[in-house]
$ cat coords.txt   # compact mmCIF, N, CA and C atoms
# COMPACT_ATOMS: atom_id res chain seq x y z
N MET H 713 51.33 68.92 -5.59
CA MET H 713 50.72 67.91 -4.72
C MET H 713 50.74 66.55 -5.40
N GLY H 714 50.45 66.51 -6.70
CA GLY H 714 50.43 65.25 -7.43
C GLY H 714 51.81 64.59 -7.47
N ASN H 715 52.86 65.41 -7.60
CA ASN H 715 54.22 64.87 -7.59
C ASN H 715 54.56 64.26 -6.24
N CYS H 716 54.09 64.87 -5.18
CA CYS H 716 54.34 64.36 -3.83
C CYS H 716 53.69 62.99 -3.65
N VAL H 717 52.47 62.87 -4.11
CA VAL H 717 51.75 61.60 -3.98
C VAL H 717 52.45 60.52 -4.80
N ARG H 718 52.83 60.87 -6.03
CA ARG H 718 53.55 59.91 -6.87
C ARG H 718 54.85 59.47 -6.24
N SER H 719 55.58 60.42 -5.66
CA SER H 719 56.84 60.09 -5.00
C SER H 719 56.62 59.15 -3.82
N LEU H 720 55.56 59.41 -3.04
CA LEU H 720 55.26 58.53 -1.91
C LEU H 720 54.87 57.13 -2.36
N VAL H 721 54.15 57.03 -3.45
CA VAL H 721 53.76 55.72 -3.98
C VAL H 721 54.99 54.95 -4.44
N VAL H 722 55.90 55.62 -5.13
CA VAL H 722 57.13 54.97 -5.58
C VAL H 722 57.98 54.53 -4.40
N LEU H 723 58.13 55.39 -3.40
CA LEU H 723 58.89 55.02 -2.21
C LEU H 723 58.26 53.85 -1.46
N ALA H 724 56.93 53.85 -1.38
CA ALA H 724 56.24 52.75 -0.71
C ALA H 724 56.44 51.44 -1.46
N ALA H 725 56.41 51.50 -2.79
CA ALA H 725 56.64 50.29 -3.60
C ALA H 725 58.06 49.78 -3.41
N LEU H 726 59.03 50.69 -3.40
CA LEU H 726 60.41 50.27 -3.17
C LEU H 726 60.59 49.70 -1.77
N ALA H 727 59.98 50.31 -0.80
CA ALA H 727 60.10 49.81 0.57
C ALA H 727 59.46 48.43 0.71
N GLY H 728 58.36 48.21 0.04
CA GLY H 728 57.71 46.90 0.08
C GLY H 728 58.54 45.83 -0.58
N SER H 729 59.25 46.18 -1.65
CA SER H 729 60.07 45.19 -2.33
C SER H 729 61.34 44.88 -1.58
N CYS H 730 61.73 45.72 -0.65
CA CYS H 730 62.97 45.51 0.11
C CYS H 730 62.68 44.99 1.51
N GLY H 731 61.47 44.55 1.78
CA GLY H 731 61.11 44.10 3.12
C GLY H 731 61.96 42.95 3.62
N SER H 732 62.30 41.99 2.74
CA SER H 732 63.10 40.85 3.19
C SER H 732 64.51 41.26 3.55
N VAL H 733 65.02 42.32 2.95
CA VAL H 733 66.36 42.80 3.29
C VAL H 733 66.35 43.38 4.69
N TRP H 734 65.33 44.14 5.00
CA TRP H 734 65.29 44.78 6.30
C TRP H 734 65.07 43.79 7.43
N ALA H 735 64.51 42.64 7.13
CA ALA H 735 64.28 41.64 8.17
C ALA H 735 65.60 41.07 8.67
N GLU H 736 66.59 40.95 7.81
CA GLU H 736 67.87 40.36 8.19
C GLU H 736 68.95 41.41 8.43
N GLU H 737 69.00 42.41 7.60
CA GLU H 737 70.05 43.42 7.65
C GLU H 737 69.40 44.77 7.41
N SER H 738 69.83 45.78 8.14
CA SER H 738 69.22 47.09 7.96
C SER H 738 69.54 47.63 6.57
N TYR H 739 68.68 48.51 6.11
CA TYR H 739 68.88 49.11 4.79
C TYR H 739 70.21 49.84 4.72
N GLY H 740 70.51 50.61 5.75
CA GLY H 740 71.76 51.37 5.79
C GLY H 740 72.98 50.46 5.73
N SER H 741 72.91 49.36 6.46
CA SER H 741 74.02 48.41 6.44
C SER H 741 74.16 47.74 5.08
N ALA H 742 73.03 47.38 4.46
CA ALA H 742 73.05 46.70 3.16
C ALA H 742 73.64 47.61 2.08
N ILE H 743 73.20 48.86 2.04
CA ILE H 743 73.73 49.75 1.00
C ILE H 743 75.16 50.17 1.31
N GLY H 744 75.50 50.26 2.58
CA GLY H 744 76.88 50.57 2.96
C GLY H 744 77.83 49.48 2.54
N ASN H 745 77.42 48.23 2.76
CA ASN H 745 78.25 47.10 2.34
C ASN H 745 78.39 47.04 0.83
N LYS H 746 77.31 47.34 0.12
CA LYS H 746 77.37 47.31 -1.34
C LYS H 746 78.27 48.43 -1.87
N ALA H 747 78.18 49.61 -1.29
CA ALA H 747 79.03 50.72 -1.71
C ALA H 747 80.50 50.42 -1.41
N ALA H 748 80.77 49.86 -0.24
CA ALA H 748 82.15 49.51 0.13
C ALA H 748 82.70 48.45 -0.81
N SER H 749 81.88 47.46 -1.12
CA SER H 749 82.30 46.41 -2.05
C SER H 749 82.59 46.99 -3.43
N GLY H 750 81.73 47.88 -3.90
CA GLY H 750 81.94 48.50 -5.20
C GLY H 750 83.21 49.32 -5.25
N PHE H 751 83.45 50.09 -4.21
CA PHE H 751 84.67 50.91 -4.16
C PHE H 751 85.91 50.03 -4.10
N ALA H 752 85.86 49.00 -3.26
CA ALA H 752 87.01 48.09 -3.13
C ALA H 752 87.29 47.37 -4.44
N ASN H 753 86.25 46.95 -5.13
CA ASN H 753 86.44 46.25 -6.40
C ASN H 753 87.03 47.18 -7.47
N MET H 754 86.61 48.44 -7.46
CA MET H 754 87.19 49.37 -8.43
C MET H 754 88.64 49.67 -8.11
N ALA H 755 88.94 49.89 -6.84
CA ALA H 755 90.29 50.28 -6.44
C ALA H 755 91.27 49.11 -6.46
N LEU H 756 90.80 47.92 -6.10
CA LEU H 756 91.71 46.78 -5.93
C LEU H 756 91.45 45.65 -6.91
N GLY H 757 90.75 45.93 -7.99
CA GLY H 757 90.47 44.91 -8.99
C GLY H 757 91.73 44.32 -9.59
N ILE H 758 92.83 45.04 -9.54
CA ILE H 758 94.10 44.57 -10.08
C ILE H 758 94.60 43.32 -9.34
N ILE H 759 94.08 43.07 -8.15
CA ILE H 759 94.45 41.86 -7.40
C ILE H 759 94.09 40.60 -8.19
N GLU H 760 93.13 40.72 -9.09
CA GLU H 760 92.73 39.56 -9.91
C GLU H 760 93.88 39.04 -10.77
N LEU H 761 94.81 39.90 -11.15
CA LEU H 761 95.91 39.47 -12.01
C LEU H 761 96.80 38.44 -11.32
N PRO H 762 97.41 38.75 -10.17
CA PRO H 762 98.23 37.70 -9.53
C PRO H 762 97.40 36.52 -9.03
N LYS H 763 96.17 36.79 -8.61
CA LYS H 763 95.30 35.71 -8.15
C LYS H 763 95.11 34.67 -9.24
N ASN H 764 94.83 35.10 -10.46
CA ASN H 764 94.58 34.16 -11.54
C ASN H 764 95.85 33.49 -12.03
N VAL H 765 96.97 34.18 -11.95
CA VAL H 765 98.24 33.54 -12.30
C VAL H 765 98.53 32.41 -11.33
N VAL H 766 98.39 32.67 -10.04
CA VAL H 766 98.64 31.65 -9.01
C VAL H 766 97.66 30.49 -9.14
N ASN H 767 96.38 30.80 -9.26
CA ASN H 767 95.37 29.73 -9.35
C ASN H 767 95.54 28.88 -10.60
N THR H 768 95.82 29.52 -11.75
CA THR H 768 96.01 28.77 -12.99
C THR H 768 97.28 27.93 -12.91
N THR H 769 98.33 28.46 -12.32
CA THR H 769 99.57 27.69 -12.15
C THR H 769 99.33 26.49 -11.25
N ASN H 770 98.58 26.67 -10.17
CA ASN H 770 98.29 25.55 -9.26
C ASN H 770 97.42 24.49 -9.93
N GLN H 771 96.53 24.90 -10.83
CA GLN H 771 95.65 23.94 -11.51
C GLN H 771 96.33 23.23 -12.67
N THR H 772 97.32 23.89 -13.29
CA THR H 772 97.97 23.29 -14.47
C THR H 772 99.48 23.24 -14.25
N ASN H 773 100.21 24.16 -14.86
CA ASN H 773 101.67 24.23 -14.67
C ASN H 773 102.11 25.68 -14.81
N LEU H 774 103.41 25.92 -14.62
CA LEU H 774 103.93 27.29 -14.61
C LEU H 774 103.77 27.98 -15.97
N ALA H 775 104.01 27.28 -17.05
CA ALA H 775 103.92 27.89 -18.38
C ALA H 775 102.50 28.37 -18.68
N VAL H 776 101.54 27.53 -18.37
CA VAL H 776 100.14 27.91 -18.59
C VAL H 776 99.75 29.02 -17.62
N GLY H 777 100.23 28.96 -16.40
CA GLY H 777 99.93 29.99 -15.41
C GLY H 777 100.44 31.36 -15.81
N LEU H 778 101.65 31.38 -16.41
CA LEU H 778 102.23 32.66 -16.79
C LEU H 778 101.66 33.21 -18.10
N THR H 779 101.01 32.39 -18.88
CA THR H 779 100.39 32.89 -20.12
C THR H 779 98.88 33.01 -19.96
N GLY H 780 98.23 31.87 -19.81
CA GLY H 780 96.77 31.86 -19.67
C GLY H 780 96.31 32.55 -18.40
N GLY H 781 97.08 32.42 -17.32
CA GLY H 781 96.71 33.07 -16.06
C GLY H 781 96.75 34.58 -16.17
N VAL H 782 97.72 35.08 -16.93
CA VAL H 782 97.80 36.53 -17.13
C VAL H 782 96.60 37.03 -17.94
N VAL H 783 96.28 36.31 -19.01
CA VAL H 783 95.12 36.71 -19.84
C VAL H 783 93.84 36.64 -19.00
N LYS H 784 93.67 35.55 -18.28
CA LYS H 784 92.50 35.39 -17.42
C LYS H 784 92.45 36.48 -16.35
N GLY H 785 93.62 36.82 -15.80
CA GLY H 785 93.70 37.87 -14.79
C GLY H 785 93.31 39.23 -15.34
N ILE H 786 93.74 39.52 -16.57
CA ILE H 786 93.38 40.80 -17.19
C ILE H 786 91.87 40.89 -17.41
N VAL H 787 91.29 39.79 -17.88
CA VAL H 787 89.84 39.77 -18.11
C VAL H 787 89.08 39.94 -16.79
N HIS H 788 89.50 39.22 -15.75
CA HIS H 788 88.82 39.33 -14.45
C HIS H 788 89.09 40.68 -13.79
N THR H 789 90.25 41.27 -14.04
CA THR H 789 90.51 42.62 -13.51
C THR H 789 89.52 43.60 -14.11
N ALA H 790 89.35 43.54 -15.43
CA ALA H 790 88.38 44.43 -16.08
C ALA H 790 86.96 44.15 -15.57
N GLY H 791 86.62 42.88 -15.43
CA GLY H 791 85.29 42.52 -14.92
C GLY H 791 85.07 43.01 -13.51
N ARG H 792 86.08 42.87 -12.66
CA ARG H 792 85.96 43.30 -11.27
C ARG H 792 85.82 44.82 -11.19
N ILE H 793 86.59 45.55 -11.98
CA ILE H 793 86.52 47.02 -11.96
C ILE H 793 85.16 47.49 -12.48
N LEU H 794 84.69 46.89 -13.57
CA LEU H 794 83.39 47.30 -14.13
C LEU H 794 82.23 46.94 -13.22
N THR H 795 82.27 45.75 -12.61
CA THR H 795 81.18 45.41 -11.68
C THR H 795 81.27 46.24 -10.41
N GLY H 796 82.48 46.63 -10.02
CA GLY H 796 82.62 47.54 -8.89
C GLY H 796 81.98 48.88 -9.18
N ALA H 797 82.19 49.38 -10.39
CA ALA H 797 81.56 50.64 -10.78
C ALA H 797 80.04 50.50 -10.79
N ALA H 798 79.55 49.37 -11.29
CA ALA H 798 78.10 49.14 -11.31
C ALA H 798 77.55 49.05 -9.89
N ASP H 799 78.26 48.38 -8.99
CA ASP H 799 77.82 48.30 -7.60
C ASP H 799 77.81 49.69 -6.96
N LEU H 800 78.82 50.47 -7.24
CA LEU H 800 78.89 51.81 -6.66
C LEU H 800 77.77 52.71 -7.19
N LEU H 801 77.44 52.56 -8.46
CA LEU H 801 76.36 53.37 -9.04
C LEU H 801 74.98 52.94 -8.55
N THR H 802 74.83 51.65 -8.25
CA THR H 802 73.51 51.15 -7.84
C THR H 802 73.44 50.84 -6.35
N PHE H 803 74.35 51.39 -5.55
CA PHE H 803 74.36 51.06 -4.13
C PHE H 803 73.07 51.40 -3.39
N PRO H 804 72.26 52.39 -3.81
CA PRO H 804 71.01 52.64 -3.08
C PRO H 804 70.01 51.48 -3.15
N PHE H 805 70.22 50.55 -4.08
CA PHE H 805 69.33 49.39 -4.20
C PHE H 805 70.02 48.20 -3.54
N PRO H 806 69.47 47.67 -2.47
CA PRO H 806 70.16 46.61 -1.71
C PRO H 806 70.09 45.25 -2.40
N THR H 807 70.87 45.07 -3.44
CA THR H 807 70.94 43.81 -4.16
C THR H 807 72.27 43.14 -3.85
N GLN H 808 72.43 41.91 -4.32
CA GLN H 808 73.71 41.22 -4.17
C GLN H 808 74.77 41.98 -4.95
N PRO H 809 76.01 42.01 -4.45
CA PRO H 809 77.08 42.57 -5.29
C PRO H 809 77.21 41.75 -6.57
N PHE H 810 77.63 42.38 -7.66
CA PHE H 810 77.70 41.70 -8.94
C PHE H 810 78.83 40.67 -8.99
N ALA H 811 79.94 40.92 -8.30
CA ALA H 811 81.07 39.99 -8.30
C ALA H 811 80.98 39.07 -7.09
N ASP H 812 81.36 37.83 -7.28
CA ASP H 812 81.37 36.86 -6.19
C ASP H 812 82.70 36.12 -6.21
N PRO H 813 83.50 36.18 -5.20
CA PRO H 813 83.34 36.79 -3.89
C PRO H 813 83.23 38.32 -3.97
N GLY H 814 82.58 38.89 -2.98
CA GLY H 814 82.26 40.31 -3.00
C GLY H 814 83.45 41.25 -2.97
N TYR H 815 84.53 40.83 -2.35
CA TYR H 815 85.75 41.64 -2.28
C TYR H 815 86.88 40.88 -2.96
N PRO H 816 87.82 41.59 -3.57
CA PRO H 816 88.88 40.89 -4.31
C PRO H 816 89.79 40.03 -3.45
N TRP H 817 89.91 40.31 -2.17
CA TRP H 817 90.81 39.56 -1.30
C TRP H 817 90.13 38.37 -0.61
N GLU H 818 88.83 38.23 -0.77
CA GLU H 818 88.12 37.11 -0.15
C GLU H 818 88.29 35.84 -0.99
N ASN H 819 88.43 34.72 -0.33
CA ASN H 819 88.51 33.41 -1.00
C ASN H 819 89.45 33.46 -2.19
N PHE H 820 90.70 33.72 -1.92
CA PHE H 820 91.69 33.94 -2.97
C PHE H 820 91.83 32.76 -3.92
N THR H 821 91.50 31.56 -3.47
CA THR H 821 91.64 30.38 -4.33
C THR H 821 90.39 30.09 -5.16
N VAL H 822 89.33 30.83 -4.94
CA VAL H 822 88.06 30.59 -5.65
C VAL H 822 88.01 31.44 -6.91
N GLU H 823 87.55 30.83 -7.99
CA GLU H 823 87.37 31.55 -9.27
C GLU H 823 86.32 32.64 -9.10
N THR H 824 86.59 33.82 -9.61
CA THR H 824 85.63 34.92 -9.54
C THR H 824 84.46 34.64 -10.48
N ARG H 825 83.25 34.85 -9.96
CA ARG H 825 82.03 34.68 -10.75
C ARG H 825 81.28 36.00 -10.73
N TYR H 826 80.41 36.17 -11.68
CA TYR H 826 79.62 37.39 -11.75
C TYR H 826 78.15 37.02 -11.69
N ASN H 827 77.47 37.59 -10.70
CA ASN H 827 76.07 37.26 -10.44
C ASN H 827 75.16 37.94 -11.45
N PRO H 828 73.96 37.37 -11.61
CA PRO H 828 72.95 38.06 -12.44
C PRO H 828 72.65 39.44 -11.84
N ILE H 829 72.28 40.35 -12.68
CA ILE H 829 72.03 41.72 -12.24
C ILE H 829 70.76 41.80 -11.41
N PHE H 830 70.84 42.55 -10.34
CA PHE H 830 69.72 42.87 -9.45
C PHE H 830 69.07 41.66 -8.81
N VAL H 831 69.88 40.78 -8.25
CA VAL H 831 69.37 39.68 -7.44
C VAL H 831 69.15 40.24 -6.04
N PRO H 832 67.94 40.16 -5.50
CA PRO H 832 67.71 40.71 -4.16
C PRO H 832 68.63 40.06 -3.14
N LYS H 833 69.08 40.85 -2.19
CA LYS H 833 69.97 40.36 -1.14
C LYS H 833 69.19 39.44 -0.23
N LYS H 834 69.78 38.29 0.11
CA LYS H 834 69.08 37.32 0.97
C LYS H 834 69.44 37.49 2.41
$ encode --input "coords.txt" --output "structure tokens"
Amino acid sequence: MGNCVRSLVVLAALAGSCGSVWAEESYGSAIGNKAASGFANMALGIIELPKNVVNTTNQTNLAVGLTGGVVKGIVHTAGRILTGAADLLTFPFPTQPFADPGYPWENFTVETRYNPIFVPKK
């Protein structure tokens, strides 16, 4: 009986902390989007490699794009895959995805950024 009460208290506390999420987006939709984002980032994180080569070439020149862009792409590929795994593991908590933009194919010209951990979804 004591475990049941403790579980209900924990669930009530979690539900209270997620109230702002439910006002705008349902819980199921929020965690579904986070899980999809995490899976996509793990599976398609390699898109960061050509993305960074193209963006670095456009910002500087071809030589820098083919050297620095490749290195930057490898780093962002690893970052995207790792944050995708983190999003997939923490999908039951409706927080912002760790990588911004949330999917590797979104805003192809924008530099990938990584959000602070566990920022509540707005």
$ atom_distance --input "coords.txt" --atom1 "atom CA of Pro816 of chain H" --atom2 "atom CA of Gly791 of chain H"
11.3 Å
$ closest_residue --input "coords.txt" --among "H:Asn827, H:Lys784, H:Ala811, H:Gly744" --to "Ala797 of chain H" --atoms "only C-alpha atoms"
H:Ala811
$ closest_residue --input "coords.txt" --among "H:Ala748, H:Met754, H:Val765, H:Leu778" --to "Ile793 of chain H" --atoms "only N, CA and C atoms"
H:Met754
$ atom_distance --input "coords.txt" --atom1 "atom CA of Tyr815 of chain H" --atom2 "atom CA of Ile758 of chain H"
11.8 Å
$ closest_residue --input "coords.txt" --among "H:Pro762, H:Gly757, H:Pro804, H:Gly796" --to "Val782 of chain H" --atoms "only C-alpha atoms"
H:Pro762
$ closest_residue --input "coords.txt" --among "H:Gly780, H:Gly785, H:Pro828, H:Gly740" --to "Gln808 of chain H" --atoms "all atoms listed in the file"
H:Pro828
$ atom_distance --input "coords.txt" --atom1 "atom N of Arg792 of chain H" --atom2 "atom N of Val766 of chain H"
16.2 Å
$ closest_residue --input "coords.txt" --among "H:Phe803, H:Leu794, H:Asn745, H:Gly781" --to "Lys763 of chain H" --atoms "only C-alpha atoms"
H:Gly781
$ closest_residue --input "coords.txt" --among "H:Pro813, H:Glu737, H:Ala755, H:Asp799" --to "Tyr826 of chain H" --atoms "all atoms listed in the file"
H:Pro813
$ axis_aligned_box --input "coords.txt" --around "segment 736-739 of chain H" --padding-each-side "3 Å" --output "JSON"
{"center_x": 68.4, "center_y": 45.1, "center_z": 6.6, "size_x": 9.6, "size_y": 15.5, "size_z": 9.7}
